[in-house]
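Colleague: The following block contains the structure, expressed as structure tokens.
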Amino acid sequence: MDFLDQLNPSQREAVTYTEGASLIVAGAGSGKTRVLTYRIAYLLQQGVPASRIMALTFTNKAAREMKERIRNLSPTLPSREGGRSLQEAYRYLMMGTFHSVCTRLLRPHAEVLGYTRDFTIYDTADSKSLIKAICKERGLDDKIYKPGAVQSRISMAKNSGIPPREYGSNQQLLREDREQRMYEFAIIYELYQARLIAANAMDFDDLLINMIRLMDASEEVCRRYQEQFKYILVDEYQDTNYIQFLLVKKLAEPQNNICVVGDDAQSIYSFRGADIRNILNFQRVYPNARLFKLERNYRSTQTIVNAANSLIHKNSHQIEKTVYSEKETGEPLNLQAYMDDRTEALGIATRIQRMRHKGYNAFAVLYRTNAQSRVIEGELRKLNIPYRIYGGTSFYQRKEIKDALGYLRLSVNKRDNEALLRIVGFPGRGIGETTMKKVSTNAIEHHRCYLDVMREPDDTGLDVSAATKKKLQAFALMIDQFSDQSEEMDAFRFAEMVLRTSGVMTALALDRSTEGIDRAQNVQELLNAIHEFVEQRQNEGIDYTPITDFLSEVSLLTDQDENLADTTERVTLMTVHAAKGLEFPVVFIAGMEENLFPSQFAVKPSEIEEERRLLYVAITRAMEQCFLSYARQRFRNGSFTFASPSRFLNDIERKYFEVETSRSSTTSRSSITSLTSSSSFSSFSSLSSAPSTPVSGATSEIASSVWKAGDRVAHRVFGEGTVVRVYRDEVTENDKIEINFDTQGTKTLLLTHAKLERA
DNA sequence: TGTCTCATTTTTTTT
DNA sequence: AAATGAGACA
């Protein structure tokens with residue numbers, strides 16, 4: 001049986017057209033991954049060696065899954081290659097995220113660019129802390145130079161291919177900086193880059209940029225890679241940025257066997273520099289490119305596909321396509337209004353419970369921001385519904401894990417100053433901020449790394465006491481010893497030795513609090529992960545795995561990459577971004593409110609359009625049913641905010657929603673305009689019409705009156721309570737009050753958002 | 001130095 | 001709510 005039979009005609013065409021450039025525009029659920037997988041399998045069948053194929057995916061998980069599918073496909077392929085069996089071929093595919101593939105290709109040639117092979121990868125936290133330090137050194141106000149903002153601007157510059165030098169002569173950019181009062185931005189950018197290089201470190205963007213620089217710098221390397229990768233495939237092309245575009249273009253030369261797959265309607269990463277023009281202009285860059293459209297959706301019911309289409313058509317420029325489904329009509333979308341975020345979470349949890357016969361894996365609750373997961377989590381737990389949260393602070397972001405990794409990083413790359421700063425204070429060894437400040441100053445002045453200064457404090461004339469010197473030298477000695485052994489042991493044995501010798505393990509074991517025990521367990525967990533990593537490589541025939549290999553993998557892990565082993569039935573909770581590429585029978589989309597979805601930061605039309613695409617992605621994750629909901633009041637940043645329904649709700653054609661049944665019904669099935677609340681607080685009659693402004697007449701009346709501790713208060717959400725603390729006698733709108741509730745303990749409320757009544 | 005407390009600020013999505 | 005920062009204190 002020919003495996004191509006399993007494809008529909010348009011899929012098959014896209015799979016078998018292998019020479020030259022092709023653009024596959026793949027609507028949501030149209031079997032995009034399938035096409036990519038089969039295309040690679042087809043190439044293998046045609047006798048193309050696996051090592052000549054490069055496939056760039058959006059997550060490592062996607063790469064892994066694709067490899068697995070290719071492996072399962074390959075037995076059915078007739079082997080044209082006598083020697084190596086096709087079943088094994090998948091191992092030699094160059095497959096992964098842009099960042100991980102670049103790291104792999106970059107390491108052996110890092111010297112060309114002035115790095116060593118052991119360069120470390122700075123994650124967002126490292127970069128941010130470096131930026132902070134630079135701003136502080138220069139005495140800049142971090143109210144104006146917000147580390148986060150500076151970082152994303154640097155990233156933008158990098159992703160647009162503008163190095164520090166060019167930045168300083170770009171009038172347009174400088175003007176923008178002046179408007180932001182960031183007169184020294186160009187200098188910060190330059191210093192930042194210099195410090196990265198000095199630390200033998202690359203940030204995420206550097207991995208891509210340096211890959212291009214490498215190919216520019218070495219004709220030989222360039223040709224070698226171009227010859228090696230005869231076929232290049234890029235998944236999720238709509239979310240690639242300018243640098244990625246350049247990189248792929250360069251790698252594919254001169255034969256240009258390049259195949260990109262994507263859906264402009266699902267471009268949701270512009271904040272990360274993704275440029276939708278890459279996919280829109282593909283045919284202009286490659287005039288001979290064949291265009292394939294996959295328009296049949298195999299995932300969702302007709303209603304879901306049509307509803308999503310009606311939404312996305314509100315956007316301007318798109319590649320013309322008609323996504324359709326031939327599955328059953330299916331159930332209408334459901335829209336539910338709730339009084340507040342907790343009621344919303346409870347509503348979702350209750351619905352899941354009612355439908356639990358489908359199995360918990362059938363459900364996903366999607367939201368715009370990670371912060372929304374808390375409430376939902378809480379209500380699910382109350383109803384004993386098992387769930388799994390993706391994103392948020394992942395395992396590798398935990399402090400103790402970052403500390404542990406810091407030791408490993410520094411041992412491998414002694415110039416990794418950010419790692420050093422992390423770990424020098426843990427476990428405590430009497431080296432504090434003041435000392436490190438001096439170390440840092442001297443290091444920068446003498447163009448040495450921190451560890452050098454600590455090892456030889458006299459070389460730079462470090463002004464510290466003899467006792468401190470001793471401590472610094474002891475630390476340096478320890479790291480040097482680790483470093484000497486880093487290539488003598490495999491990753492696991494090395495990590496174990498370092499974490500024991502350094503005192504990290506002992507320090508954690510000393511803390512007998514619940515959190516302390518957790519932390520110790522987490523570090524043990526890290527060791528297990530390293531062990532697993534080494535074993536896995538052994539199975540792949542690599543018998544020596546140094547710690548460097550592990551380190552470069554962990555820093556590039558994505559959110560979806562975690563939690564493979566756990567197969568128990570659970571509801572999935574994640575942001576819409578994280579849900580990209582996934583599907584679930586039943587999808588809940590929570591928080592359909594203005595200033596949340598679309599985000600409060602989306603103001604420009606293009607930004608609103610991106611948010612709309614984001615909702616499109618969310619809806620098209622659903623196979624059978626889609627529930628949308630919003631809350632009128634939401635606890636955000638420590639206080640209550642009022643919310644109005646998302647404008648996007650009006651962008652979805654009304655006819656796809658469940659129609660309102662009867663006005664008097666207790667459970668509210670509602671159309672968009674007459675949303676009735678299903679809350680148990682209906683006794684507050686004033687509630688049914690949600691006020692659009694937070695300050696009502698009642699509030700100002702309260703604001704002008706005098707409240708004392710012990711006065712009673714009624715809050716519209718929580719019911720009755722007692723004021724236990726008033727910060728001042730004279731209460732004004734922005735004052736805080738603390739309210740004691742019998743069920744939920746104490747809450748602090750901003751008076752502006754609390755409706756108070758004298759009880 | 002290191003730790004604790006109090007106060008202020010923050011806002012998204014992630015390789 | 002959570003995270004960060006400043007300041008007091010041992």
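Letters for chains follow the order of the structure tokens (A, B, ...), residue numbers begin at 1 for each chain, and ligand numbers begin at 1 in the order shown.
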Excluding same-chain residues fewer than 5 positions from DA2 (chain C), what lies within 12 Å of it counting only C-alpha atoms (C1' of nucleotides), as a PyMOL selection string?
Modeller: (chain A and resi 371+636-638) or (chain B and resi 9-11)
Colleague: For those residues, write all heavy atoms to a file as a PDB file, in the first residue's frame.
Modeller:
```pdb
ATOM      1  N   ALA A 371      -2.167  34.825  34.389  1.00  0.00           N
ATOM      2  CA  ALA A 371      -2.716  35.179  35.696  1.00  0.00           C
ATOM      3  C   ALA A 371      -4.135  34.639  35.875  1.00  0.00           C
ATOM      4  O   ALA A 371      -4.591  34.420  37.000  1.00  0.00           O
ATOM      5  CB  ALA A 371      -2.706  36.688  35.870  1.00  0.00           C
ATOM      6  N   ARG A 636      -8.129  41.887  39.534  1.00  0.00           N
ATOM      7  CA  ARG A 636      -6.908  42.047  38.755  1.00  0.00           C
ATOM      8  C   ARG A 636      -5.931  42.934  39.508  1.00  0.00           C
ATOM      9  O   ARG A 636      -6.307  43.990  40.025  1.00  0.00           O
ATOM     10  CB  ARG A 636      -7.228  42.735  37.425  1.00  0.00           C
ATOM     11  CG  ARG A 636      -7.762  41.775  36.395  1.00  0.00           C
ATOM     12  CD  ARG A 636      -6.981  41.936  35.114  1.00  0.00           C
ATOM     13  NE  ARG A 636      -7.682  42.771  34.143  1.00  0.00           N
ATOM     14  CZ  ARG A 636      -7.160  43.067  32.959  1.00  0.00           C
ATOM     15  NH1 ARG A 636      -5.959  42.639  32.647  1.00  0.00           N
ATOM     16  NH2 ARG A 636      -7.827  43.811  32.131  1.00  0.00           N
ATOM     17  N   ASN A 637      -4.687  42.546  39.554  1.00  0.00           N
ATOM     18  CA  ASN A 637      -3.664  43.330  40.228  1.00  0.00           C
ATOM     19  C   ASN A 637      -4.103  43.756  41.617  1.00  0.00           C
ATOM     20  O   ASN A 637      -3.942  44.903  42.007  1.00  0.00           O
ATOM     21  CB  ASN A 637      -3.307  44.584  39.437  1.00  0.00           C
ATOM     22  CG  ASN A 637      -2.872  44.249  38.040  1.00  0.00           C
ATOM     23  OD1 ASN A 637      -2.256  43.217  37.821  1.00  0.00           O
ATOM     24  ND2 ASN A 637      -3.213  45.097  37.114  1.00  0.00           N
ATOM     25  N   GLY A 638      -4.700  42.883  42.315  1.00  0.00           N
ATOM     26  CA  GLY A 638      -5.027  43.158  43.693  1.00  0.00           C
ATOM     27  C   GLY A 638      -6.287  43.951  43.937  1.00  0.00           C
ATOM     28  O   GLY A 638      -6.595  44.289  45.069  1.00  0.00           O
TER      29      GLY A 638
ATOM     30  P    DT B   9       4.440  53.931  43.522  1.00  0.00           P
ATOM     31  OP1  DT B   9       5.084  55.111  42.930  1.00  0.00           O
ATOM     32  OP2  DT B   9       3.023  53.961  43.938  1.00  0.00           O
ATOM     33  O5'  DT B   9       4.658  52.704  42.536  1.00  0.00           O
ATOM     34  C5'  DT B   9       5.969  52.178  42.362  1.00  0.00           C
ATOM     35  C4'  DT B   9       5.884  50.950  41.480  1.00  0.00           C
ATOM     36  O4'  DT B   9       5.329  49.862  42.250  1.00  0.00           O
ATOM     37  C3'  DT B   9       4.965  51.131  40.263  1.00  0.00           C
ATOM     38  O3'  DT B   9       5.648  50.610  39.140  1.00  0.00           O
ATOM     39  C2'  DT B   9       3.731  50.317  40.626  1.00  0.00           C
ATOM     40  C1'  DT B   9       4.315  49.226  41.504  1.00  0.00           C
ATOM     41  N1   DT B   9       3.391  48.596  42.487  1.00  0.00           N
ATOM     42  C2   DT B   9       3.363  47.217  42.578  1.00  0.00           C
ATOM     43  O2   DT B   9       4.038  46.496  41.871  1.00  0.00           O
ATOM     44  N3   DT B   9       2.504  46.719  43.531  1.00  0.00           N
ATOM     45  C4   DT B   9       1.696  47.440  44.384  1.00  0.00           C
ATOM     46  O4   DT B   9       0.978  46.878  45.197  1.00  0.00           O
ATOM     47  C5   DT B   9       1.774  48.871  44.235  1.00  0.00           C
ATOM     48  C7   DT B   9       0.926  49.747  45.108  1.00  0.00           C
ATOM     49  C6   DT B   9       2.611  49.386  43.308  1.00  0.00           C
ATOM     50  P    DT B  10       5.184  50.940  37.723  1.00  0.00           P
ATOM     51  OP1  DT B  10       6.342  51.471  36.988  1.00  0.00           O
ATOM     52  OP2  DT B  10       3.929  51.714  37.806  1.00  0.00           O
ATOM     53  O5'  DT B  10       4.880  49.483  37.167  1.00  0.00           O
ATOM     54  C5'  DT B  10       5.800  48.426  37.443  1.00  0.00           C
ATOM     55  C4'  DT B  10       5.075  47.101  37.276  1.00  0.00           C
ATOM     56  O4'  DT B  10       4.234  46.858  38.430  1.00  0.00           O
ATOM     57  C3'  DT B  10       4.143  47.046  36.056  1.00  0.00           C
ATOM     58  O3'  DT B  10       4.291  45.778  35.434  1.00  0.00           O
ATOM     59  C2'  DT B  10       2.766  47.162  36.678  1.00  0.00           C
ATOM     60  C1'  DT B  10       2.982  46.396  37.965  1.00  0.00           C
ATOM     61  N1   DT B  10       1.983  46.598  39.031  1.00  0.00           N
ATOM     62  C2   DT B  10       1.591  45.497  39.755  1.00  0.00           C
ATOM     63  O2   DT B  10       2.017  44.374  39.544  1.00  0.00           O
ATOM     64  N3   DT B  10       0.678  45.757  40.743  1.00  0.00           N
ATOM     65  C4   DT B  10       0.134  46.981  41.078  1.00  0.00           C
ATOM     66  O4   DT B  10      -0.664  47.068  41.984  1.00  0.00           O
ATOM     67  C5   DT B  10       0.585  48.087  40.276  1.00  0.00           C
ATOM     68  C7   DT B  10       0.049  49.446  40.537  1.00  0.00           C
ATOM     69  C6   DT B  10       1.480  47.850  39.301  1.00  0.00           C
ATOM     70  P    DT B  11       5.237  45.411  34.392  1.00  0.00           P
ATOM     71  OP1  DT B  11       5.091  43.985  34.338  1.00  0.00           O
ATOM     72  OP2  DT B  11       6.511  46.037  34.680  1.00  0.00           O
ATOM     73  O5'  DT B  11       4.713  46.080  33.002  1.00  0.00           O
ATOM     74  C5'  DT B  11       3.330  46.382  32.808  1.00  0.00           C
ATOM     75  C4'  DT B  11       2.505  45.135  33.009  1.00  0.00           C
ATOM     76  O4'  DT B  11       1.786  45.317  34.258  1.00  0.00           O
ATOM     77  C3'  DT B  11       1.448  44.904  31.962  1.00  0.00           C
ATOM     78  O3'  DT B  11       1.293  43.501  31.799  1.00  0.00           O
ATOM     79  C2'  DT B  11       0.170  45.475  32.553  1.00  0.00           C
ATOM     80  C1'  DT B  11       0.384  45.263  34.031  1.00  0.00           C
ATOM     81  N1   DT B  11      -0.180  46.325  34.902  1.00  0.00           N
ATOM     82  C2   DT B  11      -0.909  45.951  36.013  1.00  0.00           C
ATOM     83  O2   DT B  11      -1.128  44.801  36.288  1.00  0.00           O
ATOM     84  N3   DT B  11      -1.359  46.993  36.780  1.00  0.00           N
ATOM     85  C4   DT B  11      -1.150  48.328  36.571  1.00  0.00           C
ATOM     86  O4   DT B  11      -1.598  49.153  37.331  1.00  0.00           O
ATOM     87  C5   DT B  11      -0.364  48.643  35.395  1.00  0.00           C
ATOM     88  C7   DT B  11      -0.075  50.062  35.064  1.00  0.00           C
ATOM     89  C6   DT B  11       0.069  47.648  34.622  1.00  0.00           C
TER      90       DT B  11
END
```
Colleague: Report as a tab-separated table: every residue of chain C with an atom at most 12 Å from chain A, its closest pair of atoms, and their distance in Å to one decimal, counting only C-alpha atoms (C1' of nucleotides), with rows sorted by chain and ascending residue number.
Modeller:
```
residue	atom	partner	partner_atom	distance
C:DA1	C1'	A:Gly638	CA	5.3
C:DA2	C1'	A:Asn637	CA	8.4
C:DA3	C1'	A:Asn637	CA	11.2
C:DG5	C1'	A:Asp142	CA	11.7
```
Colleague: Contacts from chain A to chain B, 7 Å maximum, only C-alpha atoms (C1' of nucleotides): show me the residue list as a list in words.
Modeller: His99, Phe204, Thr369, Gly430, Gly432, Leu556 and His577 of chain A
Colleague: Got time to write the residues from that selection, N, CA, C and O atoms, as a short mmCIF file (atom, residue, chain, number, x, y, z; two decimals), in the first residue's frame?
Modeller:
```
data_model
loop_
_atom_site.label_atom_id
_atom_site.label_comp_id
_atom_site.auth_asym_id
_atom_site.auth_seq_id
_atom_site.Cartn_x
_atom_site.Cartn_y
_atom_site.Cartn_z
N HIS A 99 15.99 28.02 17.18
CA HIS A 99 17.03 28.27 18.16
C HIS A 99 17.86 27.02 18.45
O HIS A 99 19.07 27.10 18.54
N PHE A 204 18.79 34.77 23.11
CA PHE A 204 18.02 34.01 22.12
C PHE A 204 18.20 34.55 20.71
O PHE A 204 18.37 33.80 19.76
N THR A 369 -4.21 35.49 29.52
CA THR A 369 -3.04 35.72 30.37
C THR A 369 -2.88 34.61 31.40
O THR A 369 -3.87 34.06 31.90
N GLY A 430 29.11 34.65 52.77
CA GLY A 430 29.66 35.91 53.22
C GLY A 430 30.14 36.84 52.13
O GLY A 430 30.92 37.73 52.36
N GLY A 432 28.68 39.51 49.75
CA GLY A 432 27.43 40.25 49.59
C GLY A 432 27.44 41.23 48.44
O GLY A 432 28.37 41.25 47.63
N LEU A 556 16.65 26.08 25.98
CA LEU A 556 15.80 26.29 24.82
C LEU A 556 14.49 25.52 24.91
O LEU A 556 13.75 25.42 23.95
N HIS A 577 -1.82 31.28 23.40
CA HIS A 577 -0.56 31.13 22.68
C HIS A 577 -0.01 29.71 22.80
O HIS A 577 0.45 29.12 21.83
#
```
Colleague: Using only C-alpha atoms (C1' of nucleotides), which protein or nucleic acid residues come within 7 Å of region 527-539 of chain A? Drop anything in the same chain fewer than 3 positions from it, and give the result as a PyMOL selection string.
Modeller: chain A and resi 491-492+496+523-524+542-543+545
Colleague: Please write the residues from the selection above to a file, keeping C-alpha atoms, as a PDB file, in the first residue's frame.
Modeller:
```
ATOM      1  CA  ALA A 491      26.444  15.208  32.604  1.00  0.00           C
ATOM      2  CA  PHE A 492      24.757  13.337  35.400  1.00  0.00           C
ATOM      3  CA  GLU A 496      25.727  15.374  41.079  1.00  0.00           C
ATOM      4  CA  VAL A 523      16.729  19.828  42.596  1.00  0.00           C
ATOM      5  CA  GLN A 524      16.621  16.068  42.917  1.00  0.00           C
ATOM      6  CA  ILE A 542      25.874   8.465  21.947  1.00  0.00           C
ATOM      7  CA  ASP A 543      27.855   7.069  24.817  1.00  0.00           C
ATOM      8  CA  THR A 545      27.065  13.173  27.065  1.00  0.00           C
TER       9      THR A 545
END
```
Colleague: Env of Arg647 (chain A): 9 Å cut, atoms = only C-alpha atoms (C1' of nucleotides), seq-sep filter 6 positions within chain, self excluded. Answer as a VMD selection string.
Modeller: chain A and resid 592 to 594 597 to 598
Colleague: Quick one: pull the distance between CA of Asp340 (chain A) and CA of Ala631 (chain A), Å, one decimal.
Modeller: 4.6 Å
Colleague: So that I can check the surroundings of Lys437 (chain A), please list as a ChimeraX atom specification every protein, DNA and RNA residue that reaches within 10 Å of it, counting only C-alpha atoms (C1' of nucleotides) and ignoring chain neighbours fewer than 6 positions away.
Modeller: /A:133,137,443
Colleague: If you keep C-alpha atoms, can you produce a file of those selected residues as a PDB file, in the first residue's frame?
Modeller:
```pdb
ATOM      1  CA  ALA A 133      22.997  46.331  35.915  1.00  0.00           C
ATOM      2  CA  GLU A 137      26.001  51.655  36.399  1.00  0.00           C
ATOM      3  CA  ALA A 443      36.063  43.421  36.130  1.00  0.00           C
TER       4      ALA A 443
END
```
Colleague: Taking the DSSP secondary structure from the backbone, can you list the residues of region 341-453 of chain A that are strand (DSSP E), as a list in words?
Modeller: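 Listing strand (DSSP E) positions across region 341-453 of chain A yields Phe363, Ala364, Val365, Leu366, Tyr367, Tyr387, Arg388 and Ile389 of chain A.
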Colleague: Please, could you write that set of residues out with N, CA, C and O atoms as a compact mmCIF listing (two decimals), in the first residue's frame?
Modeller:
```txt
# COMPACT_ATOMS: atom_id res chain seq x y z
N PHE A 363 -11.02 18.21 27.57
CA PHE A 363 -11.26 19.62 27.85
C PHE A 363 -9.99 20.46 27.91
O PHE A 363 -8.97 20.03 28.43
N ALA A 364 -10.14 21.66 27.39
CA ALA A 364 -9.08 22.64 27.58
C ALA A 364 -9.73 23.95 27.99
O ALA A 364 -10.77 24.32 27.44
N VAL A 365 -9.15 24.60 28.95
CA VAL A 365 -9.59 25.95 29.30
C VAL A 365 -8.50 26.89 28.83
O VAL A 365 -7.35 26.79 29.27
N LEU A 366 -8.85 27.78 27.91
CA LEU A 366 -7.86 28.70 27.36
C LEU A 366 -8.12 30.11 27.86
O LEU A 366 -9.27 30.49 28.08
N TYR A 367 -7.06 30.85 28.05
CA TYR A 367 -7.20 32.23 28.50
C TYR A 367 -6.09 33.07 27.89
O TYR A 367 -5.11 32.55 27.37
N TYR A 387 -6.43 18.57 36.73
CA TYR A 387 -6.05 19.50 35.67
C TYR A 387 -4.54 19.54 35.56
O TYR A 387 -3.80 19.09 36.44
N ARG A 388 -4.11 20.12 34.48
CA ARG A 388 -2.68 20.28 34.23
C ARG A 388 -2.50 21.69 33.68
O ARG A 388 -3.17 22.07 32.72
N ILE A 389 -1.63 22.43 34.30
CA ILE A 389 -1.40 23.80 33.83
C ILE A 389 -0.11 23.87 33.04
O ILE A 389 0.91 23.38 33.48
```
